[in-house]
Amino acid sequence: MLQQVGAKAYSIYRTKAWRAAGDAKQQVLALKPRSDAGDGLATYEIELAVRDCRDLISGEPEASWQAMRRAGMRTDPDFLSKLEVRLGECVALSQDPTLYEAPWLARAAEQGSVEAQLLYAIDVRTAVGAASASELAEREEDVLAWRETSLRYLHALADGGNVEALSGLQSVHENGYRAAKDPVAAYAYGQVLQRLSLSFWSDALLAQSRQALSASQQQRAAEQAEAIYRRCCVLPGGQ
């Protein structure tokens, strides 16, 4: 679902569950012809189905359920029986490595799925296909390639008006995970987000970023923010 924010900018969100009830392998096979034909949305739907099953299989849902009960939280009395059904739906898919271990996220991002590109920029382990944090640490070249690709996706999406990508770039420049820290750029992206809506970036967050900047840095940030805003959020010929 797309929510328009002004003339050009937009936010994207998903209201339905990652995977509908039913056999997960059959769901993937039904989507695969569209994916093979280059349909990024179909490929991303496959990624979500595989991800749902992987999370179910690798998690510890019974322990979580017991912890919720001990904490006095209201739990669904049918939780475990429903979980058993969902796990059963994932068995056939998990036993087919050509489907279960395929790089669906990277493929969907390459095919142009906005959701996939946003998730790719966040989930480095899935993006590079690392099974664990230790394996990820050993794959420095793959991580460097991921950084370059994820930044390319975020910049392209941000220039197209995607609010989540603008927020992602603010975080990139503030925290420095995919690039060197740049407090001026971080403040500029924060200004753009607030200009779109206070719900995206509050006065308190903006003030916190501003405290670390000199007057000249604040001026540079304002100039960068105006340039970013005109790229992301103003239609050609608009003001």
# chains A, B, ... in the order shown; residues from 1 in each chain; ligands from 1
call {"tool": "residues_around", "arguments": {"residues": "segment 122-129 of chain A", "least_positions_apart": "5", "cutoff": "10 Å", "atoms": "only C-alpha atoms", "output": "PDB file with all heavy atoms, in the first residue's frame"}}
result
ATOM      1  N   ARG A  51      10.830 -16.520   4.256  1.00  0.00           N
ATOM      2  CA  ARG A  51      11.235 -15.868   5.510  1.00  0.00           C
ATOM      3  C   ARG A  51      10.299 -16.263   6.650  1.00  0.00           C
ATOM      4  O   ARG A  51      10.754 -16.523   7.774  1.00  0.00           O
ATOM      5  CB  ARG A  51      11.231 -14.348   5.304  1.00  0.00           C
ATOM      6  CG  ARG A  51      11.680 -13.528   6.505  1.00  0.00           C
ATOM      7  CD  ARG A  51      11.714 -12.061   6.118  1.00  0.00           C
ATOM      8  NE  ARG A  51      12.803 -11.788   5.210  1.00  0.00           N
ATOM      9  CZ  ARG A  51      13.957 -11.213   5.566  1.00  0.00           C
ATOM     10  NH1 ARG A  51      14.155 -10.852   6.831  1.00  0.00           N
ATOM     11  NH2 ARG A  51      14.897 -10.985   4.679  1.00  0.00           N
ATOM     12  N   GLU A 101      16.685 -22.020  -0.110  1.00  0.00           N
ATOM     13  CA  GLU A 101      17.970 -21.341   0.061  1.00  0.00           C
ATOM     14  C   GLU A 101      18.302 -20.391  -1.085  1.00  0.00           C
ATOM     15  O   GLU A 101      19.400 -19.833  -1.132  1.00  0.00           O
ATOM     16  CB  GLU A 101      19.078 -22.393   0.208  1.00  0.00           C
ATOM     17  CG  GLU A 101      18.891 -23.283   1.425  1.00  0.00           C
ATOM     18  CD  GLU A 101      19.897 -24.423   1.482  1.00  0.00           C
ATOM     19  OE1 GLU A 101      20.846 -24.418   0.670  1.00  0.00           O
ATOM     20  OE2 GLU A 101      19.731 -25.320   2.330  1.00  0.00           O
ATOM     21  N   ALA A 102      17.390 -20.189  -2.011  1.00  0.00           N
ATOM     22  CA  ALA A 102      17.644 -19.298  -3.144  1.00  0.00           C
ATOM     23  C   ALA A 102      17.678 -17.836  -2.678  1.00  0.00           C
ATOM     24  O   ALA A 102      17.019 -17.474  -1.705  1.00  0.00           O
ATOM     25  CB  ALA A 102      16.571 -19.479  -4.208  1.00  0.00           C
ATOM     26  N   PRO A 103      18.432 -16.979  -3.358  1.00  0.00           N
ATOM     27  CA  PRO A 103      18.575 -15.568  -2.950  1.00  0.00           C
ATOM     28  C   PRO A 103      17.394 -14.717  -3.409  1.00  0.00           C
ATOM     29  O   PRO A 103      17.546 -13.791  -4.227  1.00  0.00           O
ATOM     30  CB  PRO A 103      19.873 -15.153  -3.634  1.00  0.00           C
ATOM     31  CG  PRO A 103      19.917 -15.974  -4.884  1.00  0.00           C
ATOM     32  CD  PRO A 103      19.321 -17.309  -4.511  1.00  0.00           C
ATOM     33  N   TRP A 104      16.227 -14.990  -2.881  1.00  0.00           N
ATOM     34  CA  TRP A 104      15.013 -14.300  -3.336  1.00  0.00           C
ATOM     35  C   TRP A 104      15.065 -12.804  -3.042  1.00  0.00           C
ATOM     36  O   TRP A 104      14.590 -11.993  -3.841  1.00  0.00           O
ATOM     37  CB  TRP A 104      13.778 -14.927  -2.689  1.00  0.00           C
ATOM     38  CG  TRP A 104      13.573 -16.361  -3.026  1.00  0.00           C
ATOM     39  CD1 TRP A 104      13.659 -17.433  -2.175  1.00  0.00           C
ATOM     40  CD2 TRP A 104      13.252 -16.916  -4.309  1.00  0.00           C
ATOM     41  NE1 TRP A 104      13.414 -18.611  -2.843  1.00  0.00           N
ATOM     42  CE2 TRP A 104      13.162 -18.322  -4.157  1.00  0.00           C
ATOM     43  CE3 TRP A 104      13.051 -16.369  -5.574  1.00  0.00           C
ATOM     44  CZ2 TRP A 104      12.871 -19.173  -5.212  1.00  0.00           C
ATOM     45  CZ3 TRP A 104      12.751 -17.218  -6.629  1.00  0.00           C
ATOM     46  CH2 TRP A 104      12.659 -18.600  -6.444  1.00  0.00           C
ATOM     47  N   LEU A 105      15.594 -12.419  -1.889  1.00  0.00           N
ATOM     48  CA  LEU A 105      15.611 -10.994  -1.540  1.00  0.00           C
ATOM     49  C   LEU A 105      16.456 -10.198  -2.518  1.00  0.00           C
ATOM     50  O   LEU A 105      16.012  -9.176  -3.043  1.00  0.00           O
ATOM     51  CB  LEU A 105      16.132 -10.810  -0.114  1.00  0.00           C
ATOM     52  CG  LEU A 105      16.219  -9.351   0.363  1.00  0.00           C
ATOM     53  CD1 LEU A 105      14.856  -8.680   0.324  1.00  0.00           C
ATOM     54  CD2 LEU A 105      16.822  -9.289   1.765  1.00  0.00           C
ATOM     55  N   ALA A 106      17.683 -10.664  -2.778  1.00  0.00           N
ATOM     56  CA  ALA A 106      18.551  -9.962  -3.725  1.00  0.00           C
ATOM     57  C   ALA A 106      17.929  -9.927  -5.111  1.00  0.00           C
ATOM     58  O   ALA A 106      18.000  -8.917  -5.824  1.00  0.00           O
ATOM     59  CB  ALA A 106      19.920 -10.628  -3.768  1.00  0.00           C
ATOM     60  N   ARG A 107      17.292 -11.029  -5.501  1.00  0.00           N
ATOM     61  CA  ARG A 107      16.677 -11.102  -6.829  1.00  0.00           C
ATOM     62  C   ARG A 107      15.510 -10.129  -6.944  1.00  0.00           C
ATOM     63  O   ARG A 107      15.368  -9.419  -7.955  1.00  0.00           O
ATOM     64  CB  ARG A 107      16.218 -12.538  -7.093  1.00  0.00           C
ATOM     65  CG  ARG A 107      15.792 -12.810  -8.529  1.00  0.00           C
ATOM     66  CD  ARG A 107      15.481 -14.306  -8.706  1.00  0.00           C
ATOM     67  NE  ARG A 107      16.632 -15.139  -8.336  1.00  0.00           N
ATOM     68  CZ  ARG A 107      16.576 -16.461  -8.222  1.00  0.00           C
ATOM     69  NH1 ARG A 107      15.434 -17.099  -8.429  1.00  0.00           N
ATOM     70  NH2 ARG A 107      17.659 -17.142  -7.895  1.00  0.00           N
ATOM     71  N   ALA A 109      15.056  -7.408  -5.245  1.00  0.00           N
ATOM     72  CA  ALA A 109      15.606  -6.043  -5.261  1.00  0.00           C
ATOM     73  C   ALA A 109      16.131  -5.700  -6.650  1.00  0.00           C
ATOM     74  O   ALA A 109      15.876  -4.605  -7.172  1.00  0.00           O
ATOM     75  CB  ALA A 109      16.714  -5.922  -4.216  1.00  0.00           C
ATOM     76  N   ALA A 116      11.538  -4.851  -1.422  1.00  0.00           N
ATOM     77  CA  ALA A 116      12.734  -5.688  -1.378  1.00  0.00           C
ATOM     78  C   ALA A 116      13.995  -4.834  -1.261  1.00  0.00           C
ATOM     79  O   ALA A 116      14.915  -5.174  -0.514  1.00  0.00           O
ATOM     80  CB  ALA A 116      12.805  -6.568  -2.619  1.00  0.00           C
ATOM     81  N   GLN A 117      14.047  -3.738  -1.979  1.00  0.00           N
ATOM     82  CA  GLN A 117      15.227  -2.871  -1.911  1.00  0.00           C
ATOM     83  C   GLN A 117      15.383  -2.271  -0.525  1.00  0.00           C
ATOM     84  O   GLN A 117      16.503  -2.165   0.002  1.00  0.00           O
ATOM     85  CB  GLN A 117      15.136  -1.787  -2.975  1.00  0.00           C
ATOM     86  CG  GLN A 117      15.298  -2.332  -4.393  1.00  0.00           C
ATOM     87  CD  GLN A 117      15.125  -1.281  -5.460  1.00  0.00           C
ATOM     88  OE1 GLN A 117      14.791  -0.132  -5.172  1.00  0.00           O
ATOM     89  NE2 GLN A 117      15.345  -1.649  -6.711  1.00  0.00           N
ATOM     90  N   GLU A 135      29.834 -16.063  10.044  1.00  0.00           N
ATOM     91  CA  GLU A 135      30.073 -16.201   8.604  1.00  0.00           C
ATOM     92  C   GLU A 135      30.067 -14.835   7.937  1.00  0.00           C
ATOM     93  O   GLU A 135      30.889 -14.565   7.045  1.00  0.00           O
ATOM     94  CB  GLU A 135      29.015 -17.091   7.960  1.00  0.00           C
ATOM     95  CG  GLU A 135      29.218 -17.277   6.467  1.00  0.00           C
ATOM     96  CD  GLU A 135      28.128 -18.098   5.794  1.00  0.00           C
ATOM     97  OE1 GLU A 135      27.368 -18.781   6.513  1.00  0.00           O
ATOM     98  OE2 GLU A 135      28.023 -18.035   4.550  1.00  0.00           O
ATOM     99  N   LEU A 136      29.178 -13.972   8.375  1.00  0.00           N
ATOM    100  CA  LEU A 136      29.106 -12.623   7.810  1.00  0.00           C
ATOM    101  C   LEU A 136      30.426 -11.876   8.029  1.00  0.00           C
ATOM    102  O   LEU A 136      30.905 -11.169   7.135  1.00  0.00           O
ATOM    103  CB  LEU A 136      27.953 -11.856   8.449  1.00  0.00           C
ATOM    104  CG  LEU A 136      27.656 -10.464   7.895  1.00  0.00           C
ATOM    105  CD1 LEU A 136      27.160 -10.553   6.460  1.00  0.00           C
ATOM    106  CD2 LEU A 136      26.610  -9.763   8.766  1.00  0.00           C
ATOM    107  N   ALA A 137      31.008 -12.042   9.219  1.00  0.00           N
ATOM    108  CA  ALA A 137      32.263 -11.352   9.534  1.00  0.00           C
ATOM    109  C   ALA A 137      33.408 -11.805   8.635  1.00  0.00           C
ATOM    110  O   ALA A 137      34.365 -11.048   8.416  1.00  0.00           O
ATOM    111  CB  ALA A 137      32.624 -11.591  10.995  1.00  0.00           C
ATOM    112  N   ARG A 139      33.046 -12.552   5.450  1.00  0.00           N
ATOM    113  CA  ARG A 139      32.746 -12.245   4.053  1.00  0.00           C
ATOM    114  C   ARG A 139      32.809 -10.740   3.820  1.00  0.00           C
ATOM    115  O   ARG A 139      31.842 -10.103   3.415  1.00  0.00           O
ATOM    116  CB  ARG A 139      31.389 -12.838   3.679  1.00  0.00           C
ATOM    117  CG  ARG A 139      31.391 -14.362   3.776  1.00  0.00           C
ATOM    118  CD  ARG A 139      30.051 -14.985   3.518  1.00  0.00           C
ATOM    119  NE  ARG A 139      29.533 -14.640   2.208  1.00  0.00           N
ATOM    120  CZ  ARG A 139      28.380 -15.117   1.727  1.00  0.00           C
ATOM    121  NH1 ARG A 139      27.660 -15.959   2.444  1.00  0.00           N
ATOM    122  NH2 ARG A 139      27.961 -14.759   0.542  1.00  0.00           N
ATOM    123  N   ASP A 142      31.868  -9.368   0.294  1.00  0.00           N
ATOM    124  CA  ASP A 142      30.430  -9.404   0.051  1.00  0.00           C
ATOM    125  C   ASP A 142      29.725  -8.283   0.810  1.00  0.00           C
ATOM    126  O   ASP A 142      28.776  -7.678   0.293  1.00  0.00           O
ATOM    127  CB  ASP A 142      29.849 -10.759   0.472  1.00  0.00           C
ATOM    128  CG  ASP A 142      30.287 -11.881  -0.441  1.00  0.00           C
ATOM    129  OD1 ASP A 142      30.622 -11.599  -1.608  1.00  0.00           O
ATOM    130  OD2 ASP A 142      30.301 -13.043   0.004  1.00  0.00           O
ATOM    131  N   VAL A 143      30.172  -8.012   2.029  1.00  0.00           N
ATOM    132  CA  VAL A 143      29.562  -6.944   2.820  1.00  0.00           C
ATOM    133  C   VAL A 143      29.835  -5.584   2.182  1.00  0.00           C
ATOM    134  O   VAL A 143      28.953  -4.714   2.125  1.00  0.00           O
ATOM    135  CB  VAL A 143      30.068  -6.984   4.278  1.00  0.00           C
ATOM    136  CG1 VAL A 143      29.592  -5.749   5.054  1.00  0.00           C
ATOM    137  CG2 VAL A 143      29.593  -8.250   4.972  1.00  0.00           C
ATOM    138  N   ALA A 145      30.282  -5.042  -0.997  1.00  0.00           N
ATOM    139  CA  ALA A 145      29.411  -4.971  -2.179  1.00  0.00           C
ATOM    140  C   ALA A 145      27.980  -4.664  -1.763  1.00  0.00           C
ATOM    141  O   ALA A 145      27.267  -3.893  -2.432  1.00  0.00           O
ATOM    142  CB  ALA A 145      29.480  -6.286  -2.954  1.00  0.00           C
ATOM    143  N   TRP A 146      27.544  -5.270  -0.653  1.00  0.00           N
ATOM    144  CA  TRP A 146      26.194  -4.991  -0.141  1.00  0.00           C
ATOM    145  C   TRP A 146      26.050  -3.514   0.233  1.00  0.00           C
ATOM    146  O   TRP A 146      25.015  -2.894  -0.066  1.00  0.00           O
ATOM    147  CB  TRP A 146      25.908  -5.869   1.078  1.00  0.00           C
ATOM    148  CG  TRP A 146      24.740  -5.393   1.879  1.00  0.00           C
ATOM    149  CD1 TRP A 146      23.417  -5.611   1.616  1.00  0.00           C
ATOM    150  CD2 TRP A 146      24.781  -4.587   3.059  1.00  0.00           C
ATOM    151  NE1 TRP A 146      22.633  -4.992   2.562  1.00  0.00           N
ATOM    152  CE2 TRP A 146      23.449  -4.364   3.457  1.00  0.00           C
ATOM    153  CE3 TRP A 146      25.818  -4.050   3.825  1.00  0.00           C
ATOM    154  CZ2 TRP A 146      23.135  -3.614   4.587  1.00  0.00           C
ATOM    155  CZ3 TRP A 146      25.508  -3.303   4.946  1.00  0.00           C
ATOM    156  CH2 TRP A 146      24.170  -3.096   5.316  1.00  0.00           C
ATOM    157  N   ARG A 147      27.053  -2.959   0.884  1.00  0.00           N
ATOM    158  CA  ARG A 147      26.995  -1.546   1.260  1.00  0.00           C
ATOM    159  C   ARG A 147      26.817  -0.666   0.028  1.00  0.00           C
ATOM    160  O   ARG A 147      25.992   0.254   0.011  1.00  0.00           O
ATOM    161  CB  ARG A 147      28.263  -1.146   2.011  1.00  0.00           C
ATOM    162  CG  ARG A 147      28.360  -1.676   3.418  1.00  0.00           C
ATOM    163  CD  ARG A 147      29.675  -1.302   4.062  1.00  0.00           C
ATOM    164  NE  ARG A 147      29.763  -1.823   5.422  1.00  0.00           N
ATOM    165  CZ  ARG A 147      30.864  -1.795   6.157  1.00  0.00           C
ATOM    166  NH1 ARG A 147      31.966  -1.270   5.665  1.00  0.00           N
ATOM    167  NH2 ARG A 147      30.856  -2.285   7.379  1.00  0.00           N
ATOM    168  N   SER A 150      23.253  -1.332  -1.445  1.00  0.00           N
ATOM    169  CA  SER A 150      22.169  -0.824  -0.606  1.00  0.00           C
ATOM    170  C   SER A 150      22.108   0.697  -0.653  1.00  0.00           C
ATOM    171  O   SER A 150      21.021   1.282  -0.696  1.00  0.00           O
ATOM    172  CB  SER A 150      22.320  -1.315   0.830  1.00  0.00           C
ATOM    173  OG  SER A 150      23.497  -0.828   1.428  1.00  0.00           O
ATOM    174  N   GLY A 168      16.167   5.952   6.019  1.00  0.00           N
ATOM    175  CA  GLY A 168      17.321   5.060   6.009  1.00  0.00           C
ATOM    176  C   GLY A 168      18.617   5.809   5.782  1.00  0.00           C
ATOM    177  O   GLY A 168      19.637   5.530   6.428  1.00  0.00           O
TER     178      GLY A 168
END
call {"tool": "residues_around", "arguments": {"residues": "segment 18-31 of chain A", "least_positions_apart": "3", "cutoff": "8 Å", "atoms": "only C-alpha atoms", "output": "list in words"}}
result
Arg34, Ser35, Ala42, Thr43, Glu45, Ile46, Leu48, Ala49, Val50, Asp52, Cys53, Arg86, Glu89, Cys90, Ala92, Leu93 and Leu99 of chain A
call {"tool": "atom_distance", "arguments": {"atom1": "atom CA of Gly59 of chain A", "atom2": "atom CA of Lys32 of chain A"}}
result
26.3 Å
call {"tool": "atom_distance", "arguments": {"atom1": "atom CA of Pro97 of chain A", "atom2": "atom CA of Gln111 of chain A"}}
result
21.8 Å
call {"tool": "closest_residue", "arguments": {"among": "A:Leu2, A:Leu196, A:Val172, A:Lys8", "to": "Ala121 of chain A", "atoms": "only C-alpha atoms"}}
result
A:Val172
call {"tool": "select_by_dssp", "arguments": {"residues": "segment 42-168 of chain A", "states": "helix (DSSP H, G or I)", "output": "PyMOL selection string"}}
result
chain A and resi 42-58+61-70+79-94+97-100+104-110+114-122+124-128+133-138+140-159+163-168
call {"tool": "closest_residue", "arguments": {"among": "A:Ala225, A:Ser199, A:Ala212, A:Leu83", "to": "Gln170 of chain A", "atoms": "only C-alpha atoms"}}
result
A:Ala225
call {"tool": "closest_residue", "arguments": {"among": "A:Cys233, A:Leu87, A:Ala133, A:Val114", "to": "Met1 of chain A", "atoms": "only C-alpha atoms"}}
result
A:Val114
call {"tool": "residues_around", "arguments": {"residues": "Tyr10 of chain A", "least_positions_apart": "6", "cutoff": "6 Å", "atoms": "only C-alpha atoms", "output": "list in words"}}
result
Gln3, Gln4, Gly161, Asn162 and Val163 of chain A
call {"tool": "residues_around", "arguments": {"residues": "segment 219-223 of chain A", "least_positions_apart": "5", "cutoff": "7 Å", "atoms": "only C-alpha atoms", "output": "PyMOL selection string"}}
result
chain A and resi 184-185+187-188
call {"tool": "write_last_selection", "arguments": {"atoms": "C-alpha atoms", "output": "PDB file, in the first residue's frame"}}
result
ATOM      1  CA  VAL A 184      25.786  17.438   8.427  1.00  0.00           C
ATOM      2  CA  ALA A 185      24.062  15.083   5.986  1.00  0.00           C
ATOM      3  CA  TYR A 187      20.839  16.720   9.980  1.00  0.00           C
ATOM      4  CA  ALA A 188      19.911  17.592   6.383  1.00  0.00           C
TER       5      ALA A 188
END
call {"tool": "closest_residue", "arguments": {"among": "A:Arg231, A:Arg195, A:His173, A:Lys181", "to": "Leu157 of chain A", "atoms": "only C-alpha atoms"}}
result
A:Arg231
